[in-house]
$ cat upload_23.cif   # mmCIF, C-alpha atoms
data_final
#
loop_
_atom_site.label_atom_id
_atom_site.label_comp_id
_atom_site.auth_asym_id
_atom_site.auth_seq_id
_atom_site.Cartn_x
_atom_site.Cartn_y
_atom_site.Cartn_z
CA MET X 698 -77.97 -30.49 78.73
CA THR X 699 -80.62 -30.25 76.00
CA GLN X 700 -83.72 -32.38 76.52
CA MET X 701 -84.30 -34.41 73.37
CA PRO X 702 -87.82 -35.42 72.28
CA THR X 703 -88.83 -38.81 73.67
CA PRO X 704 -90.24 -41.61 71.51
CA ALA X 705 -93.62 -41.12 73.21
CA THR X 706 -93.84 -37.44 72.31
CA GLU X 707 -92.60 -38.09 68.76
CA THR X 708 -95.23 -40.80 68.25
CA LEU X 709 -97.99 -38.59 69.62
CA ASP X 710 -96.83 -35.67 67.48
CA GLU X 711 -97.05 -37.86 64.37
CA LEU X 712 -100.49 -39.20 65.31
CA LEU X 713 -101.87 -35.71 65.93
CA ALA X 714 -100.45 -34.42 62.66
CA GLU X 715 -102.05 -37.30 60.76
CA THR X 716 -105.31 -36.76 62.65
CA GLN X 717 -105.36 -33.14 61.51
CA ARG X 718 -104.76 -34.22 57.92
CA TYR X 719 -107.73 -36.57 57.89
CA ALA X 720 -109.89 -34.03 59.68
CA GLY X 721 -109.00 -31.63 56.88
CA TYR X 722 -109.94 -34.24 54.27
CA LEU X 723 -113.38 -34.57 55.86
CA GLU X 724 -113.89 -30.82 55.96
CA LYS X 725 -113.00 -30.44 52.29
CA LEU X 726 -115.14 -33.44 51.37
CA GLU X 727 -118.09 -31.84 53.14
CA GLU X 728 -117.56 -28.66 51.12
CA ARG X 729 -117.88 -30.69 47.90
CA ARG X 730 -120.82 -32.78 49.05
CA ASP X 731 -123.46 -31.07 46.90
CA GLY X 732 -121.57 -31.76 43.67
CA THR X 733 -120.45 -35.30 44.54
CA PRO X 734 -122.38 -38.50 43.71
CA PRO X 735 -123.93 -39.80 46.95
CA ASN X 736 -122.31 -43.23 46.72
CA LEU X 737 -118.85 -41.73 46.18
CA TYR X 738 -119.33 -39.24 49.01
CA ALA X 739 -120.49 -42.00 51.37
CA ARG X 740 -117.55 -44.26 50.51
CA LEU X 741 -114.91 -41.57 51.02
CA HIS X 742 -116.61 -40.24 54.14
CA GLU X 743 -116.67 -43.70 55.71
CA GLU X 744 -113.02 -44.29 54.79
CA TYR X 745 -111.84 -40.98 56.27
CA GLU X 746 -114.06 -41.27 59.32
CA THR X 747 -112.83 -44.81 60.07
CA ARG X 748 -109.22 -43.74 59.70
CA LEU X 749 -109.79 -40.68 61.88
CA ALA X 750 -111.41 -42.78 64.60
CA ASP X 751 -108.44 -45.17 64.59
CA LEU X 752 -105.94 -42.31 64.79
CA ARG X 753 -107.76 -40.70 67.69
CA LEU X 754 -107.93 -43.99 69.57
CA ARG X 755 -104.19 -44.60 69.09
CA ALA X 756 -103.47 -41.02 70.16
CA GLU X 757 -105.41 -41.57 73.37
CA VAL X 758 -103.39 -44.69 74.16
CA GLU X 759 -100.14 -42.79 73.64
CA ALA X 760 -101.47 -39.86 75.68
CA ASP X 761 -102.30 -42.15 78.61
CA ALA X 762 -98.74 -43.46 78.61
CA LEU X 763 -97.38 -39.93 78.37
CA ALA X 764 -99.59 -38.69 81.21
CA ALA X 765 -98.21 -41.40 83.49
CA GLY X 766 -94.74 -39.80 83.23
CA LEU X 767 -95.78 -36.18 83.87
CA GLU X 768 -95.10 -36.41 87.60
CA LYS X 769 -91.56 -37.63 86.93
CA ASP X 770 -91.03 -34.84 84.38
CA ALA X 771 -92.23 -32.20 86.85
CA ALA X 772 -89.90 -33.61 89.53
CA ALA X 773 -86.96 -33.31 87.10
CA VAL X 774 -87.79 -29.63 86.55
CA GLN X 775 -87.93 -29.01 90.31
CA ASP X 776 -84.59 -30.76 90.81
CA ALA X 777 -82.90 -28.63 88.13
CA GLU X 778 -84.35 -25.45 89.61
CA ALA X 779 -83.12 -26.41 93.08
CA ARG X 780 -79.58 -27.11 91.79
CA LEU X 781 -79.57 -23.83 89.88
CA ALA X 782 -80.70 -21.91 92.97
CA ARG X 783 -77.89 -23.44 95.08
CA VAL X 784 -75.20 -22.50 92.54
CA GLU X 785 -76.55 -18.97 92.15
CA GLU X 786 -76.62 -18.54 95.92
CA GLU X 787 -73.03 -19.82 96.17
CA ARG X 788 -71.99 -17.34 93.48
CA ALA X 789 -73.73 -14.43 95.21
CA GLU X 790 -72.10 -15.33 98.52
CA GLY X 791 -68.65 -15.58 96.92
CA GLU X 792 -69.07 -12.20 95.24
CA LEU X 793 -69.93 -10.64 98.59
CA ARG X 794 -66.97 -12.27 100.35
CA ALA X 795 -64.66 -11.10 97.57
CA ALA X 796 -66.12 -7.59 97.76
CA VAL X 797 -65.34 -7.24 101.47
CA GLY X 798 -61.80 -8.51 100.91
CA GLU X 799 -62.12 -11.96 102.44
CA LEU X 800 -61.25 -13.84 99.23
CA ASP X 801 -58.14 -13.42 97.13
CA PRO X 802 -59.21 -11.79 93.82
CA ARG X 803 -57.27 -14.29 91.67
CA VAL X 804 -58.65 -17.30 93.53
CA TRP X 805 -62.17 -15.90 93.39
CA ALA X 806 -61.93 -15.09 89.69
CA LYS X 807 -61.09 -18.71 88.93
CA ARG X 808 -63.88 -19.94 91.17
CA LEU X 809 -66.32 -17.48 89.62
CA ASN X 810 -65.63 -18.81 86.13
CA GLY X 811 -66.56 -22.30 87.27
CA LEU X 812 -69.75 -21.12 88.95
CA ASN X 813 -70.79 -19.14 85.87
CA ALA X 814 -70.33 -22.23 83.72
CA GLN X 815 -72.51 -24.26 86.11
CA VAL X 816 -75.23 -21.61 86.08
CA THR X 817 -75.24 -21.62 82.28
CA SER X 818 -75.30 -25.41 82.04
CA ILE X 819 -77.95 -26.02 84.69
CA GLY X 820 -80.03 -23.11 83.39
CA ALA X 821 -80.04 -24.61 79.89
CA GLU X 822 -80.99 -28.00 81.32
CA ARG X 823 -83.81 -26.47 83.34
CA ASP X 824 -85.13 -24.56 80.30
CA ALA X 825 -85.11 -27.71 78.18
CA LEU X 826 -86.96 -29.67 80.87
CA VAL X 827 -89.56 -26.91 81.24
CA ALA X 828 -90.08 -26.76 77.46
CA ALA X 829 -90.42 -30.54 77.22
CA LEU X 830 -92.93 -30.63 80.07
CA ALA X 831 -94.96 -27.82 78.50
CA HIS X 832 -94.94 -29.64 75.16
CA ARG X 833 -96.16 -32.87 76.76
CA ARG X 834 -98.97 -31.02 78.50
CA THR X 835 -99.95 -29.34 75.23
CA LEU X 836 -100.10 -32.71 73.50
CA LEU X 837 -102.28 -34.12 76.26
CA GLU X 838 -104.65 -31.16 76.03
CA GLU X 839 -104.97 -31.68 72.28
CA VAL X 840 -105.88 -35.33 72.77
CA GLN X 841 -107.93 -35.19 75.96
CA GLY X 842 -109.40 -31.69 75.71
CA PRO X 843 -112.42 -30.58 73.67
CA ARG X 844 -111.97 -30.79 69.92
CA ARG X 845 -113.33 -28.51 67.24
CA PRO X 846 -116.28 -30.35 65.66
CA ILE X 847 -115.72 -31.68 62.14
CA PRO X 848 -118.62 -31.68 59.66
CA GLY X 849 -120.20 -35.10 59.40
CA VAL X 850 -118.17 -36.63 62.25
CA PRO X 851 -119.68 -37.21 65.72
CA SER X 852 -117.77 -35.50 68.53
CA ASP X 853 -117.66 -38.59 70.78
CA ARG X 854 -114.24 -40.10 71.39
CA PRO X 855 -113.53 -42.29 69.47
CA PRO X 856 -115.88 -40.92 66.80
CA ARG X 857 -118.58 -43.29 65.71
CA VAL X 858 -122.11 -43.22 64.37
CA SER X 859 -124.76 -43.50 67.07
CA PHE X 860 -126.70 -46.74 66.88
CA ALA X 861 -129.81 -44.76 67.82
CA SER X 862 -129.62 -42.80 64.58
CA PRO X 863 -132.16 -43.32 61.78
CA ALA X 864 -129.46 -44.97 59.65
CA PHE X 865 -129.44 -47.94 62.05
CA GLY X 866 -133.20 -48.04 62.52
CA GLY X 867 -132.95 -46.69 66.04
CA ALA X 868 -135.57 -44.68 67.78
CA VAL X 869 -135.65 -41.03 66.97
CA GLN X 870 -137.12 -38.57 69.40
CA ALA X 871 -140.45 -37.35 68.11
CA PRO X 872 -141.01 -33.61 67.74
CA PRO X 873 -143.17 -32.01 70.42
CA SER X 874 -146.84 -32.54 69.73
CA ALA X 875 -149.24 -29.68 69.22
CA PRO X 876 -151.13 -28.53 72.32
CA SER X 877 -154.21 -30.67 72.85
CA ALA X 878 -157.67 -29.26 73.31
CA PRO X 879 -158.64 -28.68 76.94
CA SER X 880 -160.30 -31.70 78.44
CA ALA X 881 -163.72 -31.62 79.94
CA PRO X 882 -163.76 -30.42 83.54
CA ALA X 883 -163.77 -33.16 86.12
CA PRO X 884 -166.81 -33.64 88.34
CA ALA X 885 -166.84 -31.44 91.40
CA ALA X 886 -164.83 -32.71 94.34
CA GLY X 887 -166.74 -34.45 97.03
CA ARG X 888 -169.46 -35.79 94.69
CA ALA X 889 -170.31 -39.36 95.48
CA THR X 890 -169.58 -41.95 92.82
CA PRO X 891 -172.89 -42.99 91.27
CA PRO X 892 -173.91 -46.63 91.31
CA ALA X 893 -173.59 -48.83 88.27
CA GLU X 894 -175.43 -47.74 85.16
CA GLY X 895 -178.92 -48.98 84.75
CA THR X 896 -182.55 -48.18 85.16
CA GLY X 897 -184.19 -47.74 88.52
CA ASN X 898 -181.10 -46.09 90.00
CA GLY X 899 -182.11 -42.48 89.48
CA LYS X 900 -180.21 -42.04 86.19
CA SER X 901 -182.49 -40.47 83.63
CA ARG X 902 -180.32 -38.05 81.65
CA LYS X 903 -179.15 -39.82 78.49
CA CYS X 904 -175.96 -38.87 76.65
CA HIS X 905 -176.69 -38.32 72.96
CA ASP X 906 -173.09 -39.27 72.06
CA CYS X 907 -172.68 -42.67 73.70
CA GLY X 908 -176.16 -43.42 75.07
CA THR X 909 -175.05 -43.69 78.71
CA LEU X 910 -177.58 -42.77 81.38
CA ASN X 911 -176.46 -40.14 83.87
CA PHE X 912 -177.90 -38.57 86.98
CA PRO X 913 -180.17 -35.60 86.33
CA THR X 914 -177.73 -33.34 88.18
CA GLU X 915 -174.79 -34.15 85.84
CA TRP X 916 -173.66 -31.70 83.14
CA TYR X 917 -171.17 -34.04 81.48
CA CYS X 918 -171.35 -37.72 80.64
CA GLU X 919 -169.52 -39.86 83.17
CA ARG X 920 -168.37 -42.25 80.42
CA CYS X 921 -167.33 -40.11 77.44
CA GLY X 922 -167.16 -36.68 79.05
CA GLY X 923 -169.51 -35.21 76.47
CA GLU X 924 -171.76 -32.34 77.44
CA LEU X 925 -175.27 -33.46 78.31
CA ALA X 926 -178.11 -31.66 76.56
CA ALA X 927 -180.72 -30.03 78.74
CA ASP X 928 -183.92 -32.06 79.04
#
$ encode --input "upload_23.cif" --output "structure tokens"
Amino acid sequence: MTQMPTPATETLDELLAETQRYAGYLEKLEERRDGTPPNLYARLHEEYETRLADLRLRAEVEADALAAGLEKDAAAVQDAEARLARVEEERAEGELRAAVGELDPRVWAKRLNGLNAQVTSIGAERDALVAALAHRRTLLEEVQGPRRPIPGVPSDRPPRVSFASPAFGGAVQAPPSAPSAPSAPAPAAGRATPPAEGTGNGKSRKCHDCGTLNFPTEWYCERCGGELAAD
């Protein structure tokens, strides 16, 4: 019995074929981008991209329905293989019985013809089931597996423009900044925090940058970090 294509596989085949066509349109459009007016390029690109996104979404829906039946398809293959194994074993046993003289040659010849026909029929059924199962798995891999990136089309499924892109005014990650100059060394550990700035507290070393008074033992201004000139 030959396994005919199911409506689900036929629909998915058609969707994938159309998806490939529109992916090809986008690739060729990208090749002609430099010589195409920007407004025309943008209009066609949006049209093809929208259509491609719709096709991929529909293909995923069909693939989900097809995936739900894979277990049943695999069970059908196992059943056909088990029936084929039983008939082949019966044929091998009959050949041995006939060889030792237990079975009448004319009776066995008639029986052998029937067994051979069953082996051929069940074998063809098994092969068709295996091919159909392999085809379904291939279709699912095409839909659910990684796709070759298409110029100008995001790889997310379904494809869409990220709302964080500059076109939508979203934030764009800033490039890494240049290394900053080394900061002034921090005061030595264990040094007591000086009291509030003011006169009469022992602070006599004035910072020429910000005017803050510092203790005579300080090398850097406690406010701005600037180096204090020697008195």
$ atom_distance --input "upload_23.cif" --atom1 "atom CA of Glu838 of chain X" --atom2 "atom CA of Leu726 of chain X"
26.9 Å
$ atom_distance --input "upload_23.cif" --atom1 "atom CA of Ala760 of chain X" --atom2 "atom CA of Leu837 of chain X"
5.8 Å
$ closest_residue --input "upload_23.cif" --among "X:Leu925, X:Ala756, X:Ala750, X:Ala779" --to "Glu839 of chain X" --atoms "only C-alpha atoms"
X:Ala756
$ closest_residue --input "upload_23.cif" --among "X:Ala828, X:Val804, X:Ala796, X:Leu741" --to "Val774 of chain X" --atoms "all atoms listed in the file"
X:Ala828
$ atom_distance --input "upload_23.cif" --atom1 "atom CA of Val827 of chain X" --atom2 "atom CA of Leu763 of chain X"
15.5 Å
$ resolve_selection --input "upload_23.cif" --expression "the PyMOL selection byres ((chain X and resi 809) around 12)" --output "VMD selection string"
chain X and resid 784 to 785 787 to 795 800 to 808 810 to 816
$ resolve_selection --input "upload_23.cif" --expression "the PyMOL selection byres ((chain X and resi 748) around 12)" --output "PDB file with C-alpha atoms, in the coordinates of the input"
ATOM      1  CA  LEU X 712    -100.490 -39.200  65.310  1.00  0.00           C
ATOM      2  CA  GLU X 715    -102.050 -37.300  60.760  1.00  0.00           C
ATOM      3  CA  THR X 716    -105.310 -36.760  62.650  1.00  0.00           C
ATOM      4  CA  GLN X 717    -105.360 -33.140  61.510  1.00  0.00           C
ATOM      5  CA  ARG X 718    -104.760 -34.220  57.920  1.00  0.00           C
ATOM      6  CA  TYR X 719    -107.730 -36.570  57.890  1.00  0.00           C
ATOM      7  CA  ALA X 720    -109.890 -34.030  59.680  1.00  0.00           C
ATOM      8  CA  TYR X 722    -109.940 -34.240  54.270  1.00  0.00           C
ATOM      9  CA  LEU X 723    -113.380 -34.570  55.860  1.00  0.00           C
ATOM     10  CA  LEU X 741    -114.910 -41.570  51.020  1.00  0.00           C
ATOM     11  CA  HIS X 742    -116.610 -40.240  54.140  1.00  0.00           C
ATOM     12  CA  GLU X 743    -116.670 -43.700  55.710  1.00  0.00           C
ATOM     13  CA  GLU X 744    -113.020 -44.290  54.790  1.00  0.00           C
ATOM     14  CA  TYR X 745    -111.840 -40.980  56.270  1.00  0.00           C
ATOM     15  CA  GLU X 746    -114.060 -41.270  59.320  1.00  0.00           C
ATOM     16  CA  THR X 747    -112.830 -44.810  60.070  1.00  0.00           C
ATOM     17  CA  LEU X 749    -109.790 -40.680  61.880  1.00  0.00           C
ATOM     18  CA  ALA X 750    -111.410 -42.780  64.600  1.00  0.00           C
ATOM     19  CA  ASP X 751    -108.440 -45.170  64.590  1.00  0.00           C
ATOM     20  CA  LEU X 752    -105.940 -42.310  64.790  1.00  0.00           C
ATOM     21  CA  ARG X 753    -107.760 -40.700  67.690  1.00  0.00           C
ATOM     22  CA  LEU X 754    -107.930 -43.990  69.570  1.00  0.00           C
ATOM     23  CA  ARG X 755    -104.190 -44.600  69.090  1.00  0.00           C
ATOM     24  CA  VAL X 850    -118.170 -36.630  62.250  1.00  0.00           C
ATOM     25  CA  PRO X 855    -113.530 -42.290  69.470  1.00  0.00           C
ATOM     26  CA  PRO X 856    -115.880 -40.920  66.800  1.00  0.00           C
ATOM     27  CA  ARG X 857    -118.580 -43.290  65.710  1.00  0.00           C
TER      28      ARG X 857
END
$ closest_residue --input "upload_23.cif" --among "X:Cys918, X:Ala821, X:Leu836, X:Ala926" --to "Glu711 of chain X" --atoms "all atoms listed in the file"
X:Leu836
$ resolve_selection --input "upload_23.cif" --expression "the PyMOL selection byres ((chain X and resi 824) around 12)" --output "ChimeraX atom specification"
/X:698-700,773-775,777-778,781,816-823,825-831
$ axis_aligned_box --input "upload_23.cif" --around "segment 768-779 of chain X" --padding-each-side "4 Å" --output "JSON"
{"center_x": -89.0, "center_y": -31.5, "center_z": 88.7, "size_x": 20.2, "size_y": 20.2, "size_z": 16.7}
$ closest_residue --input "upload_23.cif" --among "X:Arg780, X:His832, X:Asn736, X:Glu727" --to "Leu709 of chain X" --atoms "only C-alpha atoms"
X:His832
$ residues_around --input "upload_23.cif" --residues "Ala765 of chain X" --least-positions-apart "4" --cutoff "12 Å" --atoms "only C-alpha atoms" --output "PyMOL selection string"
chain X and resi 705+758-761+769-771+833-834+837
